[in-house]
file my_file-v2.cif (mmCIF, C-alpha atoms)
data_start
#
loop_
_atom_site.label_atom_id
_atom_site.label_comp_id
_atom_site.auth_asym_id
_atom_site.auth_seq_id
_atom_site.Cartn_x
_atom_site.Cartn_y
_atom_site.Cartn_z
CA MET A 432 -132.06 -65.90 -53.39
CA LEU A 433 -130.99 -62.62 -54.94
CA ILE A 434 -133.05 -60.63 -52.41
CA LYS A 435 -130.19 -61.26 -49.96
CA TYR A 436 -128.00 -58.98 -52.05
CA VAL A 437 -130.33 -55.98 -51.90
CA PRO A 438 -128.82 -54.68 -48.59
CA VAL A 439 -125.37 -54.83 -50.23
CA LEU A 440 -126.75 -52.69 -53.03
CA PHE A 441 -128.14 -50.26 -50.43
CA LEU A 442 -124.73 -49.90 -48.81
CA LEU A 443 -123.06 -49.47 -52.18
CA VAL A 444 -125.48 -46.74 -53.26
CA PHE A 445 -125.14 -45.04 -49.88
CA ALA A 446 -121.34 -45.09 -50.07
CA ILE A 447 -121.29 -43.76 -53.64
CA PHE A 448 -123.74 -41.03 -52.69
CA PHE A 449 -121.54 -40.06 -49.74
CA ALA A 450 -118.38 -39.94 -51.86
CA VAL A 451 -119.94 -37.85 -54.64
CA PHE A 452 -121.63 -35.56 -52.12
CA ALA A 453 -118.37 -34.95 -50.22
CA VAL A 454 -116.33 -34.17 -53.33
CA PHE A 455 -119.08 -31.99 -54.81
CA PHE A 456 -119.50 -29.88 -51.68
CA SER A 457 -115.80 -29.36 -51.15
CA HIS A 458 -115.68 -28.29 -54.80
CA ILE A 459 -118.37 -25.67 -54.14
CA LEU A 460 -117.14 -24.50 -50.74
CA GLY A 461 -113.40 -24.30 -51.34
CA PRO A 462 -111.68 -21.25 -52.79
CA LYS A 463 -110.54 -21.37 -56.42
CA ARG A 464 -107.34 -19.49 -57.13
CA VAL A 465 -105.77 -21.41 -59.96
CA ASN A 466 -102.38 -20.41 -61.31
CA PRO A 467 -99.99 -22.28 -63.61
CA VAL A 468 -97.39 -22.90 -60.91
CA LYS A 469 -99.95 -24.43 -58.57
CA ALA A 470 -101.26 -26.68 -61.34
CA ALA A 471 -97.78 -27.95 -62.22
CA PRO A 472 -96.71 -31.41 -60.97
CA TYR A 473 -95.43 -31.21 -57.39
CA GLU A 474 -91.79 -32.19 -57.13
CA CYS A 475 -90.68 -30.42 -53.99
CA GLY A 476 -89.95 -27.17 -55.83
CA MET A 477 -87.97 -28.62 -58.72
CA ILE A 478 -89.23 -28.09 -62.26
CA THR A 479 -90.23 -31.48 -63.60
CA LEU A 480 -88.15 -32.90 -66.43
CA GLY A 481 -89.48 -35.04 -69.28
CA PRO A 482 -92.77 -36.89 -69.56
CA THR A 483 -94.18 -38.74 -66.54
CA HIS A 484 -95.87 -41.62 -68.32
CA GLN A 485 -92.81 -43.37 -69.62
CA THR A 486 -92.14 -47.05 -70.04
CA ILE A 487 -92.54 -49.03 -66.86
CA PRO A 488 -89.93 -51.61 -65.72
CA ILE A 489 -90.74 -55.11 -66.97
CA LYS A 490 -90.61 -56.40 -63.36
CA TYR A 491 -94.09 -55.12 -62.69
CA TYR A 492 -95.55 -57.04 -65.64
CA ILE A 493 -93.87 -60.26 -64.48
CA ILE A 494 -95.34 -59.79 -61.01
CA ALA A 495 -98.76 -59.16 -62.57
CA MET A 496 -98.54 -62.39 -64.58
CA LEU A 497 -97.44 -64.39 -61.55
CA PHE A 498 -100.30 -62.87 -59.62
CA LEU A 499 -102.80 -64.04 -62.24
CA ILE A 500 -101.53 -67.62 -62.04
CA PHE A 501 -101.43 -67.83 -58.27
CA ASP A 502 -104.62 -65.93 -57.60
CA LEU A 503 -106.43 -68.33 -59.93
CA GLU A 504 -104.97 -71.11 -57.83
CA VAL A 505 -106.37 -69.45 -54.70
CA ILE A 506 -109.81 -69.08 -56.27
CA PHE A 507 -109.65 -72.72 -57.34
CA LEU A 508 -108.74 -73.76 -53.79
CA TYR A 509 -111.72 -72.02 -52.14
CA PRO A 510 -114.45 -74.44 -53.26
CA TRP A 511 -112.12 -77.34 -52.53
CA ALA A 512 -111.46 -76.05 -48.99
CA VAL A 513 -115.20 -75.64 -48.34
CA VAL A 514 -116.01 -79.28 -49.17
CA PHE A 515 -112.69 -80.60 -47.87
CA ARG A 516 -114.20 -82.71 -45.06
CA LYS A 517 -116.54 -84.51 -47.46
CA LEU A 518 -113.80 -85.26 -49.99
CA GLY A 519 -111.49 -86.83 -47.43
CA LEU A 520 -108.20 -88.42 -48.43
CA PHE A 521 -109.00 -88.53 -52.15
CA GLY A 522 -109.60 -84.76 -52.31
CA PHE A 523 -106.47 -84.07 -50.30
CA VAL A 524 -104.18 -86.11 -52.56
CA GLU A 525 -105.84 -84.73 -55.68
CA MET A 526 -105.31 -81.13 -54.63
CA MET A 527 -101.76 -81.73 -53.45
CA ILE A 528 -100.93 -83.00 -56.96
CA PHE A 529 -102.40 -79.78 -58.38
CA ILE A 530 -100.42 -77.63 -55.93
CA PHE A 531 -97.28 -79.65 -56.66
CA VAL A 532 -97.56 -78.91 -60.40
CA LEU A 533 -97.89 -75.20 -59.65
CA LEU A 534 -95.06 -75.42 -57.15
CA VAL A 535 -92.72 -76.75 -59.86
CA GLY A 536 -93.55 -73.66 -61.90
CA PHE A 537 -93.00 -71.48 -58.86
CA ILE A 538 -89.56 -72.98 -58.23
CA TYR A 539 -88.71 -72.44 -61.91
CA VAL A 540 -89.71 -68.78 -61.67
CA TRP A 541 -87.69 -68.42 -58.48
CA LYS A 542 -84.58 -70.02 -59.99
CA LYS A 543 -84.92 -67.88 -63.12
CA GLY A 544 -84.65 -64.83 -60.87
CA ALA A 545 -88.06 -63.35 -61.70
CA LEU A 546 -88.63 -62.63 -58.01
CA GLU A 547 -85.42 -60.64 -57.55
CA TRP A 548 -85.55 -56.86 -57.23
CA GLU A 549 -82.25 -55.17 -57.53
CA MET B 1419 -145.37 -57.22 -46.26
CA GLU B 1420 -142.43 -59.29 -45.08
CA LEU B 1421 -140.45 -57.87 -48.00
CA VAL B 1422 -141.19 -54.29 -46.96
CA TYR B 1423 -140.01 -55.02 -43.42
CA PHE B 1424 -136.90 -56.66 -44.81
CA LEU B 1425 -136.07 -53.60 -46.92
CA ILE B 1426 -136.72 -51.18 -44.04
CA GLU B 1427 -134.53 -53.29 -41.77
CA ALA B 1428 -131.76 -53.31 -44.40
CA ALA B 1429 -131.95 -49.54 -44.83
CA VAL B 1430 -131.83 -48.95 -41.07
CA LYS B 1431 -128.85 -51.26 -40.70
CA VAL B 1432 -127.01 -49.57 -43.58
CA VAL B 1433 -127.54 -46.10 -42.10
CA ALA B 1434 -126.57 -47.28 -38.60
CA VAL B 1435 -123.38 -49.05 -39.74
CA PHE B 1436 -122.44 -46.12 -41.95
CA SER B 1437 -122.89 -43.51 -39.21
CA VAL B 1438 -121.06 -45.50 -36.54
CA LEU B 1439 -118.29 -46.29 -38.99
CA MET B 1440 -117.79 -42.65 -39.97
CA LEU B 1441 -117.60 -41.68 -36.29
CA VAL B 1442 -115.13 -44.47 -35.56
CA VAL B 1443 -112.99 -43.54 -38.58
CA ALA B 1444 -112.94 -39.89 -37.51
CA TYR B 1445 -111.89 -40.75 -33.96
CA LEU B 1446 -109.45 -43.40 -35.16
CA THR B 1447 -107.41 -40.64 -36.79
CA LEU B 1448 -107.30 -38.86 -33.43
CA ALA B 1449 -106.53 -42.11 -31.59
CA GLU B 1450 -103.69 -42.88 -33.94
CA ARG B 1451 -102.15 -39.44 -33.50
CA LYS B 1452 -102.57 -39.60 -29.72
CA ILE B 1453 -101.12 -43.11 -29.38
CA LEU B 1454 -98.21 -42.38 -31.71
CA GLY B 1455 -97.65 -39.18 -29.77
CA HIS B 1456 -97.43 -41.02 -26.47
CA ILE B 1457 -95.17 -43.70 -27.98
CA GLN B 1458 -92.83 -40.91 -29.09
CA VAL B 1459 -93.10 -39.14 -25.70
CA ARG B 1460 -95.07 -36.12 -26.86
CA TYR B 1461 -98.69 -35.04 -26.32
CA GLY B 1462 -100.30 -35.47 -29.72
CA PRO B 1463 -103.20 -33.14 -30.60
CA ASN B 1464 -104.47 -31.38 -27.44
CA ARG B 1465 -105.50 -27.88 -28.59
CA VAL B 1466 -109.04 -28.37 -29.90
CA GLY B 1467 -111.32 -29.25 -27.00
CA PRO B 1468 -110.40 -31.33 -23.93
CA PHE B 1469 -107.65 -33.86 -24.84
CA GLY B 1470 -108.03 -32.74 -28.46
CA LEU B 1471 -111.40 -34.49 -28.64
CA PHE B 1472 -112.83 -32.06 -31.20
CA GLN B 1473 -109.82 -32.36 -33.47
CA PRO B 1474 -111.52 -34.76 -35.98
CA ILE B 1475 -114.48 -32.39 -36.29
CA ALA B 1476 -112.19 -29.42 -36.86
CA ASP B 1477 -110.24 -31.45 -39.42
CA GLY B 1478 -113.46 -32.42 -41.19
CA ILE B 1479 -114.68 -28.85 -41.45
CA LYS B 1480 -111.28 -27.61 -42.55
CA VAL B 1481 -111.04 -30.19 -45.30
CA PHE B 1482 -114.38 -29.09 -46.78
CA PHE B 1483 -113.18 -25.49 -47.12
CA LYS B 1484 -109.78 -26.22 -48.64
CA GLU B 1485 -109.04 -25.40 -52.24
CA GLU B 1486 -109.08 -28.40 -54.51
CA VAL B 1487 -106.10 -28.38 -56.84
CA ILE B 1488 -106.31 -30.46 -60.00
CA PRO B 1489 -102.97 -30.51 -61.84
CA ALA B 1490 -103.12 -29.11 -65.37
CA LYS B 1491 -101.88 -32.33 -66.96
CA ALA B 1492 -104.00 -34.67 -64.80
CA ASP B 1493 -106.53 -37.03 -66.31
CA LYS B 1494 -109.46 -35.18 -64.73
CA PRO B 1495 -112.24 -37.82 -64.66
CA LEU B 1496 -109.94 -40.52 -63.30
CA PHE B 1497 -108.36 -38.06 -60.90
CA VAL B 1498 -111.76 -37.27 -59.38
CA ILE B 1499 -113.10 -40.83 -59.41
CA ALA B 1500 -110.03 -42.53 -57.86
CA PRO B 1501 -110.60 -41.42 -54.24
CA MET B 1502 -114.29 -42.28 -54.58
CA ILE B 1503 -113.40 -45.84 -55.62
CA SER B 1504 -111.11 -46.08 -52.63
CA ILE B 1505 -113.72 -45.08 -50.04
CA VAL B 1506 -116.65 -46.93 -51.67
CA ALA B 1507 -114.66 -50.17 -51.77
CA ALA B 1508 -113.58 -49.78 -48.14
CA LEU B 1509 -117.12 -49.04 -46.94
CA SER B 1510 -118.68 -51.86 -48.97
CA LEU B 1511 -116.53 -54.36 -47.07
CA PHE B 1512 -118.77 -53.91 -44.04
CA ALA B 1513 -121.79 -55.36 -45.82
CA VAL B 1514 -121.04 -58.94 -44.81
CA ILE B 1515 -119.20 -58.57 -41.50
CA PRO B 1516 -121.24 -60.05 -38.61
CA PHE B 1517 -121.12 -57.59 -35.73
CA GLY B 1518 -123.02 -59.68 -33.22
CA ASP B 1519 -125.51 -62.44 -32.48
CA LYS B 1520 -129.19 -62.21 -33.36
CA ILE B 1521 -131.12 -59.69 -31.25
CA GLU B 1522 -134.82 -58.97 -30.72
CA ILE B 1523 -136.06 -55.50 -31.63
CA PHE B 1524 -139.80 -54.72 -31.68
CA GLY B 1525 -140.57 -58.45 -31.68
CA ARG B 1526 -138.43 -58.99 -34.77
CA THR B 1527 -135.33 -61.14 -34.86
CA VAL B 1528 -132.58 -59.06 -36.38
CA THR B 1529 -129.18 -60.39 -37.41
CA LEU B 1530 -126.40 -57.91 -36.74
CA THR B 1531 -125.01 -58.10 -40.23
CA ILE B 1532 -126.15 -56.07 -43.22
CA ALA B 1533 -126.28 -59.01 -45.62
CA ASP B 1534 -125.90 -62.66 -44.61
CA LEU B 1535 -124.31 -63.91 -47.84
CA ASP B 1536 -123.25 -67.50 -48.46
CA ILE B 1537 -120.17 -66.27 -50.32
CA GLY B 1538 -119.23 -63.70 -47.66
CA LEU B 1539 -115.50 -64.31 -47.80
CA LEU B 1540 -115.35 -64.27 -51.60
CA TYR B 1541 -117.25 -60.99 -51.54
CA ILE B 1542 -114.68 -59.57 -49.10
CA PHE B 1543 -111.75 -60.53 -51.29
CA GLY B 1544 -113.43 -59.28 -54.44
CA ILE B 1545 -114.33 -55.88 -53.01
CA ALA B 1546 -110.98 -55.48 -51.23
CA SER B 1547 -109.22 -55.92 -54.57
CA LEU B 1548 -111.37 -53.18 -56.08
CA GLY B 1549 -109.85 -50.75 -53.58
CA GLU B 1550 -106.51 -51.16 -55.36
CA TYR B 1551 -107.95 -49.44 -58.42
CA GLY B 1552 -108.49 -46.30 -56.37
CA ILE B 1553 -104.84 -46.17 -55.31
CA VAL B 1554 -103.38 -47.13 -58.69
CA LEU B 1555 -105.58 -44.77 -60.69
CA GLY B 1556 -105.04 -41.99 -58.14
CA GLY B 1557 -101.28 -42.21 -58.49
CA TRP B 1558 -101.36 -42.62 -62.25
CA SER B 1559 -103.85 -39.90 -63.14
CA GLY B 1560 -102.12 -37.08 -61.24
CA TYR B 1561 -99.29 -36.96 -63.81
CA ASN B 1562 -96.68 -36.81 -61.07
CA LYS B 1563 -93.57 -38.97 -61.00
CA TYR B 1564 -93.70 -39.63 -57.28
CA GLY B 1565 -97.36 -40.48 -57.61
CA LEU B 1566 -96.72 -42.85 -60.50
CA ILE B 1567 -93.93 -44.65 -58.64
CA GLY B 1568 -96.17 -44.92 -55.59
CA ALA B 1569 -98.99 -46.33 -57.70
CA LEU B 1570 -96.74 -48.92 -59.35
CA ARG B 1571 -95.33 -50.02 -56.04
CA ALA B 1572 -98.82 -50.19 -54.55
CA ALA B 1573 -100.07 -52.33 -57.42
CA ALA B 1574 -97.18 -54.81 -57.25
CA GLN B 1575 -97.20 -54.98 -53.47
CA MET B 1576 -100.94 -55.39 -53.09
CA ILE B 1577 -101.30 -58.13 -55.67
CA SER B 1578 -98.28 -59.96 -54.24
CA TYR B 1579 -99.72 -60.01 -50.76
CA GLU B 1580 -103.22 -60.76 -51.96
CA VAL B 1581 -102.07 -64.23 -53.03
CA ALA B 1582 -100.57 -64.97 -49.61
CA LEU B 1583 -103.63 -63.43 -47.92
CA GLY B 1584 -105.98 -65.68 -49.89
CA LEU B 1585 -103.90 -68.74 -49.07
CA SER B 1586 -103.59 -67.91 -45.37
CA VAL B 1587 -107.35 -68.08 -44.72
CA MET B 1588 -107.65 -71.41 -46.53
CA GLY B 1589 -107.02 -73.35 -43.32
CA VAL B 1590 -109.97 -71.60 -41.66
CA LEU B 1591 -112.17 -72.54 -44.63
CA MET B 1592 -111.07 -76.17 -44.42
CA ILE B 1593 -111.99 -76.30 -40.73
CA SER B 1594 -115.28 -74.40 -41.03
CA GLY B 1595 -116.39 -75.79 -44.38
CA THR B 1596 -118.26 -72.62 -45.37
CA LEU B 1597 -117.65 -69.19 -46.90
CA ASN B 1598 -120.51 -67.65 -44.91
CA LEU B 1599 -119.00 -65.39 -42.25
CA VAL B 1600 -121.94 -65.82 -39.84
CA GLU B 1601 -121.58 -69.61 -40.12
CA ILE B 1602 -117.82 -69.35 -39.54
CA VAL B 1603 -118.46 -67.44 -36.30
CA HIS B 1604 -121.11 -70.00 -35.21
CA LYS B 1605 -118.62 -72.83 -35.76
CA GLN B 1606 -116.25 -71.15 -33.29
CA ALA B 1607 -118.77 -71.23 -30.41
CA GLY B 1608 -117.65 -72.60 -27.04
CA GLY B 1609 -114.09 -71.33 -27.15
CA HIS B 1610 -113.13 -73.19 -30.34
CA TRP B 1611 -111.53 -70.11 -31.85
CA ASN B 1612 -109.81 -70.75 -35.14
CA VAL B 1613 -106.68 -69.01 -33.91
CA LEU B 1614 -106.09 -72.03 -31.64
CA TYR B 1615 -106.16 -74.41 -34.60
CA GLN B 1616 -104.55 -72.03 -37.13
CA PRO B 1617 -102.03 -69.92 -35.18
CA PHE B 1618 -99.63 -69.59 -38.10
CA ALA B 1619 -102.41 -68.67 -40.50
CA PHE B 1620 -103.40 -65.88 -38.10
CA ILE B 1621 -99.87 -64.45 -38.14
CA PHE B 1622 -99.68 -64.73 -41.96
CA TYR B 1623 -103.05 -63.05 -42.23
CA LEU B 1624 -102.00 -60.13 -40.01
CA VAL B 1625 -98.76 -59.55 -41.95
CA CYS B 1626 -100.48 -59.78 -45.34
CA ALA B 1627 -103.32 -57.56 -44.16
CA LEU B 1628 -100.88 -54.86 -43.04
CA ALA B 1629 -99.24 -54.99 -46.47
CA GLU B 1630 -102.63 -55.00 -48.17
CA ILE B 1631 -103.72 -51.76 -46.50
CA ASN B 1632 -100.28 -50.16 -47.03
CA ARG B 1633 -99.44 -49.65 -43.39
CA THR B 1634 -96.04 -49.40 -41.79
CA PRO B 1635 -93.77 -51.39 -42.08
CA PHE B 1636 -95.17 -51.95 -45.60
CA ASP B 1637 -96.09 -48.35 -46.43
CA MET B 1638 -93.92 -48.28 -49.54
CA PRO B 1639 -96.62 -46.75 -51.78
CA GLU B 1640 -96.67 -43.59 -49.67
CA ALA B 1641 -93.18 -43.67 -48.08
CA ASP B 1642 -93.19 -40.00 -47.04
CA ALA B 1643 -89.42 -39.80 -46.81
CA GLU B 1644 -88.71 -40.80 -50.39
CA LEU B 1645 -91.94 -40.30 -52.37
CA ALA B 1646 -93.41 -37.32 -50.50
CA CYS B 1647 -96.66 -39.25 -49.82
CA GLY B 1648 -96.69 -41.31 -53.02
CA PHE B 1649 -99.95 -41.99 -54.76
CA ASN B 1650 -101.93 -39.19 -53.10
CA ILE B 1651 -99.28 -36.51 -53.60
CA GLU B 1652 -101.37 -34.32 -55.93
CA TYR B 1653 -104.56 -34.61 -53.90
CA SER B 1654 -105.95 -31.88 -51.71
CA SER B 1655 -109.16 -31.01 -49.84
CA MET B 1656 -111.95 -33.61 -49.68
CA LYS B 1657 -110.40 -35.93 -52.25
CA PHE B 1658 -107.36 -36.36 -50.04
CA ALA B 1659 -109.63 -36.90 -47.05
CA LEU B 1660 -111.53 -39.61 -48.93
CA PHE B 1661 -108.30 -41.54 -49.51
CA PHE B 1662 -107.49 -41.10 -45.85
CA MET B 1663 -110.91 -42.24 -44.67
CA GLY B 1664 -110.82 -45.14 -47.10
CA GLU B 1665 -107.53 -46.25 -45.63
CA TYR B 1666 -108.82 -46.14 -42.08
CA ALA B 1667 -112.11 -47.82 -42.96
CA HIS B 1668 -110.10 -50.54 -44.68
CA LEU B 1669 -107.95 -50.90 -41.56
CA ILE B 1670 -111.03 -51.41 -39.38
CA ALA B 1671 -112.47 -53.84 -41.93
CA VAL B 1672 -109.30 -55.91 -42.01
CA CYS B 1673 -109.25 -56.13 -38.21
CA ALA B 1674 -112.96 -56.98 -38.11
CA ILE B 1675 -112.41 -59.78 -40.63
CA ALA B 1676 -109.50 -61.10 -38.56
CA THR B 1677 -111.80 -61.10 -35.53
CA THR B 1678 -114.48 -62.95 -37.48
CA LEU B 1679 -112.21 -65.56 -39.01
CA PHE B 1680 -109.75 -66.24 -36.20
CA LEU B 1681 -110.83 -64.73 -32.88
CA GLY B 1682 -114.32 -66.17 -32.61
CA GLY B 1683 -116.23 -63.09 -33.78
CA TRP B 1684 -118.80 -62.05 -31.19
CA HIS B 1685 -118.29 -65.08 -28.91
CA GLY B 1686 -117.04 -64.42 -25.41
CA PRO B 1687 -117.88 -65.05 -21.77
CA PHE B 1688 -120.06 -63.02 -19.34
CA LEU B 1689 -122.27 -61.19 -21.84
CA PRO B 1690 -125.82 -62.17 -22.91
CA PRO B 1691 -126.38 -62.76 -26.66
CA SER B 1692 -128.04 -59.35 -27.05
CA LEU B 1693 -124.82 -57.62 -25.95
CA SER B 1694 -122.45 -59.99 -27.73
CA TRP B 1695 -121.43 -57.25 -30.16
CA ILE B 1696 -119.39 -55.71 -27.32
CA TRP B 1697 -116.95 -58.62 -27.55
CA PHE B 1698 -116.68 -58.05 -31.28
CA VAL B 1699 -115.89 -54.37 -30.72
CA VAL B 1700 -113.33 -55.17 -28.01
CA LYS B 1701 -111.48 -57.76 -30.12
CA THR B 1702 -111.47 -55.55 -33.21
CA GLY B 1703 -110.32 -52.63 -31.07
CA ILE B 1704 -107.37 -54.60 -29.74
CA LEU B 1705 -106.32 -55.52 -33.28
CA VAL B 1706 -106.67 -51.91 -34.44
CA TYR B 1707 -104.56 -50.83 -31.47
CA PHE B 1708 -101.96 -53.39 -32.51
CA CYS B 1709 -101.85 -51.86 -36.01
CA ILE B 1710 -101.23 -48.40 -34.56
CA TRP B 1711 -98.72 -49.68 -32.03
CA GLU B 1712 -96.58 -51.47 -34.61
CA ARG B 1713 -96.54 -48.29 -36.70
CA GLY B 1714 -94.80 -46.56 -33.83
CA THR B 1715 -92.36 -49.44 -33.42
CA PHE B 1716 -91.18 -50.84 -36.75
CA PRO B 1717 -89.03 -49.08 -39.34
CA ARG B 1718 -90.09 -49.20 -42.99
CA LEU B 1719 -88.88 -52.15 -45.05
CA ARG B 1720 -87.05 -51.66 -48.32
CA TYR B 1721 -89.09 -52.43 -51.44
CA ASP B 1722 -87.10 -55.49 -52.53
CA GLN B 1723 -87.38 -56.84 -48.98
CA ILE B 1724 -91.16 -56.44 -49.10
CA MET B 1725 -91.48 -58.31 -52.37
CA LYS B 1726 -89.11 -60.99 -51.13
CA LEU B 1727 -91.12 -61.45 -47.94
CA GLY B 1728 -94.35 -61.76 -49.91
CA TRP B 1729 -93.26 -64.19 -52.60
CA LYS B 1730 -90.40 -66.14 -51.08
CA VAL B 1731 -91.49 -66.42 -47.46
CA LEU B 1732 -95.21 -65.94 -46.96
CA LEU B 1733 -96.41 -67.75 -50.10
CA PRO B 1734 -94.48 -71.02 -49.47
CA LEU B 1735 -95.31 -70.88 -45.75
CA ALA B 1736 -99.02 -70.39 -46.46
CA LEU B 1737 -98.96 -73.35 -48.87
CA ALA B 1738 -97.18 -75.43 -46.24
CA ASN B 1739 -99.86 -74.42 -43.73
CA ILE B 1740 -102.56 -75.69 -46.09
CA PHE B 1741 -100.64 -78.94 -46.60
CA PHE B 1742 -100.20 -79.66 -42.90
CA THR B 1743 -103.76 -78.60 -42.03
CA GLY B 1744 -105.05 -81.00 -44.67
CA LEU B 1745 -102.71 -83.78 -43.57
CA ILE B 1746 -103.77 -83.52 -39.93
CA MET B 1747 -107.47 -83.31 -40.83
CA VAL B 1748 -107.21 -86.40 -43.04
CA LEU B 1749 -105.22 -88.44 -40.54
CA VAL B 1750 -107.06 -87.49 -37.34
#

call {"tool": "encode", "arguments": {"input": "my_file-v2.cif", "output": "structure tokens"}}
result
Amino acid sequence: MLIKYVPVLFLLVFAIFFAVFAVFFSHILGPKRVNPVKAAPYECGMITLGPTHQTIPIKYYIIAMLFLIFDLEVIFLYPWAVVFRKLGLFGFVEMMIFIFVLLVGFIYVWKKGALEWE
Amino acid sequence: MELVYFLIEAAVKVVAVFSVLMLVVAYLTLAERKILGHIQVRYGPNRVGPFGLFQPIADGIKVFFKEEVIPAKADKPLFVIAPMISIVAALSLFAVIPFGDKIEIFGRTVTLTIADLDIGLLYIFGIASLGEYGIVLGGWSGYNKYGLIGALRAAAQMISYEVALGLSVMGVLMISGTLNLVEIVHKQAGGHWNVLYQPFAFIFYLVCALAEINRTPFDMPEADAELACGFNIEYSSMKFALFFMGEYAHLIAVCAIATTLFLGGWHGPFLPPSLSWIWFVVKTGILVYFCIWERGTFPRLRYDQIMKLGWKVLLPLALANIFFTGLIMVLV
């Protein structure tokens, strides 16, 4: 029943209200003395060089792709784990084959050096 | 009429959980500073009130009256929204955590959980991942190089450990056969705590959880010594405080979930069912203390070591844990 989710909605609305309220009131109450130096990026007193949003090392994209694959595996395992007792040996072998296939890919990624950070 | 009572009950529970949580978060900041102080043989805050007990209140008031600085080049909407995402995600985690057994109030049986969802654990993982957006957007939108590096590191680290975290609780799911957190606690009645059957999973969970909430020794995203506070470097006043509160609320949530999944939730000897929530508070408190204690003990890991630990150690070990749990359950 969806009515079960209404309290979650309550908490969500309450939390959002709190966050907006807190930021809004500190915005009203705090002093405002803006100057260009204060609004510059903080780099411990150094003047910042070049643009900030540059290209990002490819490593992070590889990690993101690996995450997608393995997190899907995790999501796929949840329903299996819940009914594990009912499935018995058949379910166990079935899922181990699935994990084995993914494991081969994982070993390939490892050997290729995608998990190295130097 | 039943519906009206249900809604009133829900609203009361939300307000109660929220108020207690805010109080606990406020005093957790003091507790952390005090405990770290004593670990490092100094006093910690002791100026405001007896034993520094009014320090959180003073901090709260101060933070409201601080100037909010928004960098000229910042992406303003994202910059303002990021800390809100962080705190809202952390607070929403408490919707499904069972704090105690059923109690009777005004002749009504009340469950001590805001929402008793059948997909409780999935909800937890979903909402916990949302919190990452707050940190990543916060670091990215400030247009600061330290902040950007912190945000990138946070993103890679959190998603890496999320995989191992998801896999580490799988053994508990296989034993309990449900995603409902209240049911999981009921299945652990009579001393059958999951930590006894899944000791390794418990250790994996704790390590992954520490990485997930960016705490020492995995506090790479903020690494004060090299990134000058990382993703929240450009934040000031209440927006900084929201990140801070979000982090502490997330810490409590992670410990509460560990209690629920592994340490038998509210079950414990001596206390009647109506006071069972005390056991929950005690167990969660011990875990929170552990998180503070290890911060005073361990040095920070290097970034490549963190990623190596997540992918090359914890992920295979968590998979092996699932394999052996399944093998034993099938054979026995």

call {"tool": "closest_atom_pairs", "arguments": {"input": "my_file-v2.cif", "of": "chain A", "to": "chain B", "cutoff": "7 Å", "atoms": "all atoms listed in the file", "output": "CSV"}}
result
residue,atom,partner,partner_atom,distance
A:Lys435,CA,B:Ala1533,CA,6.3
A:Tyr436,CA,B:Ala1533,CA,6.7
A:Pro438,CA,B:Ala1428,CA,5.3
A:Val439,CA,B:Ala1513,CA,5.7
A:Phe441,CA,B:Ala1429,CA,6.8
A:Leu442,CA,B:Val1432,CA,5.7
A:Leu443,CA,B:Ser1510,CA,5.9
A:Ala446,CA,B:Val1506,CA,5.3
A:Ile447,CA,B:Val1506,CA,6.0
A:Ala450,CA,B:Met1502,CA,5.4
A:Ala453,CA,B:Met1656,CA,6.6
A:Val454,CA,B:Met1656,CA,5.7
A:Ser457,CA,B:Phe1482,CA,4.6
A:His458,CA,B:Glu1486,CA,6.6
A:Leu460,CA,B:Phe1483,CA,5.5
A:Gly461,CA,B:Phe1483,CA,4.4
A:Pro462,CA,B:Glu1485,CA,4.9
A:Lys463,CA,B:Glu1485,CA,6.0
A:Ala470,CA,B:Pro1489,CA,4.2
A:Ala471,CA,B:Pro1489,CA,5.8
A:Pro472,CA,B:Asn1562,CA,5.4
A:Tyr473,CA,B:Asn1562,CA,6.8
A:Thr483,CA,B:Lys1563,CA,5.6
A:Tyr491,CA,B:Ala1574,CA,6.3
A:Ile494,CA,B:Ala1574,CA,6.5
A:Phe498,CA,B:Ile1577,CA,6.3
A:Phe501,CA,B:Val1581,CA,6.4
A:Asp502,CA,B:Val1581,CA,5.5
A:Val505,CA,B:Gly1584,CA,6.1
A:Tyr509,CA,B:Met1588,CA,7.0
A:Ala512,CA,B:Met1592,CA,4.6
A:Val513,CA,B:Gly1595,CA,4.1
A:Val514,CA,B:Gly1595,CA,5.9
A:Phe515,CA,B:Met1592,CA,5.8
A:Gly519,CA,B:Val1748,CA,6.1
A:Leu520,CA,B:Val1748,CA,5.8
A:Phe523,CA,B:Gly1744,CA,6.6
A:Trp548,CA,B:Asp1722,CA,5.1
A:Glu549,CA,B:Asp1722,CA,7.0

call {"tool": "closest_residue", "arguments": {"input": "my_file-v2.cif", "among": "B:Ala1738, B:Ala1607, B:Ile1475, B:Val1466", "to": "Leu1681 in chain B", "atoms": "all atoms listed in the file"}}
result
B:Ala1607

call {"tool": "closest_residue", "arguments": {"input": "my_file-v2.cif", "among": "B:Ala1736, B:Ile1521, B:Met1419, B:Leu1669", "to": "Glu1450 in chain B", "atoms": "all atoms listed in the file"}}
result
B:Leu1669

call {"tool": "closest_residue", "arguments": {"input": "my_file-v2.cif", "among": "B:Gly1556, B:Pro1635, B:Gly1467, B:Gly1462", "to": "Trp1711 in chain B", "atoms": "all atoms listed in the file"}}
result
B:Pro1635

call {"tool": "residues_around", "arguments": {"input": "my_file-v2.cif", "residues": "Leu1454 in chain B", "least_positions_apart": "3", "cutoff": "12 Å", "atoms": "all atoms listed in the file", "output": "list of chain:residue names"}}
result
B:Leu1446, B:Thr1447, B:Leu1448, B:Ala1449, B:Glu1450, B:Arg1451, B:Ile1457, B:Gln1458, B:Val1459, B:Arg1460, B:Tyr1461, B:Gly1462, B:Pro1463, B:Tyr1707, B:Phe1708, B:Cys1709, B:Ile1710, B:Trp1711, B:Glu1712, B:Arg1713, B:Gly1714, B:Thr1715
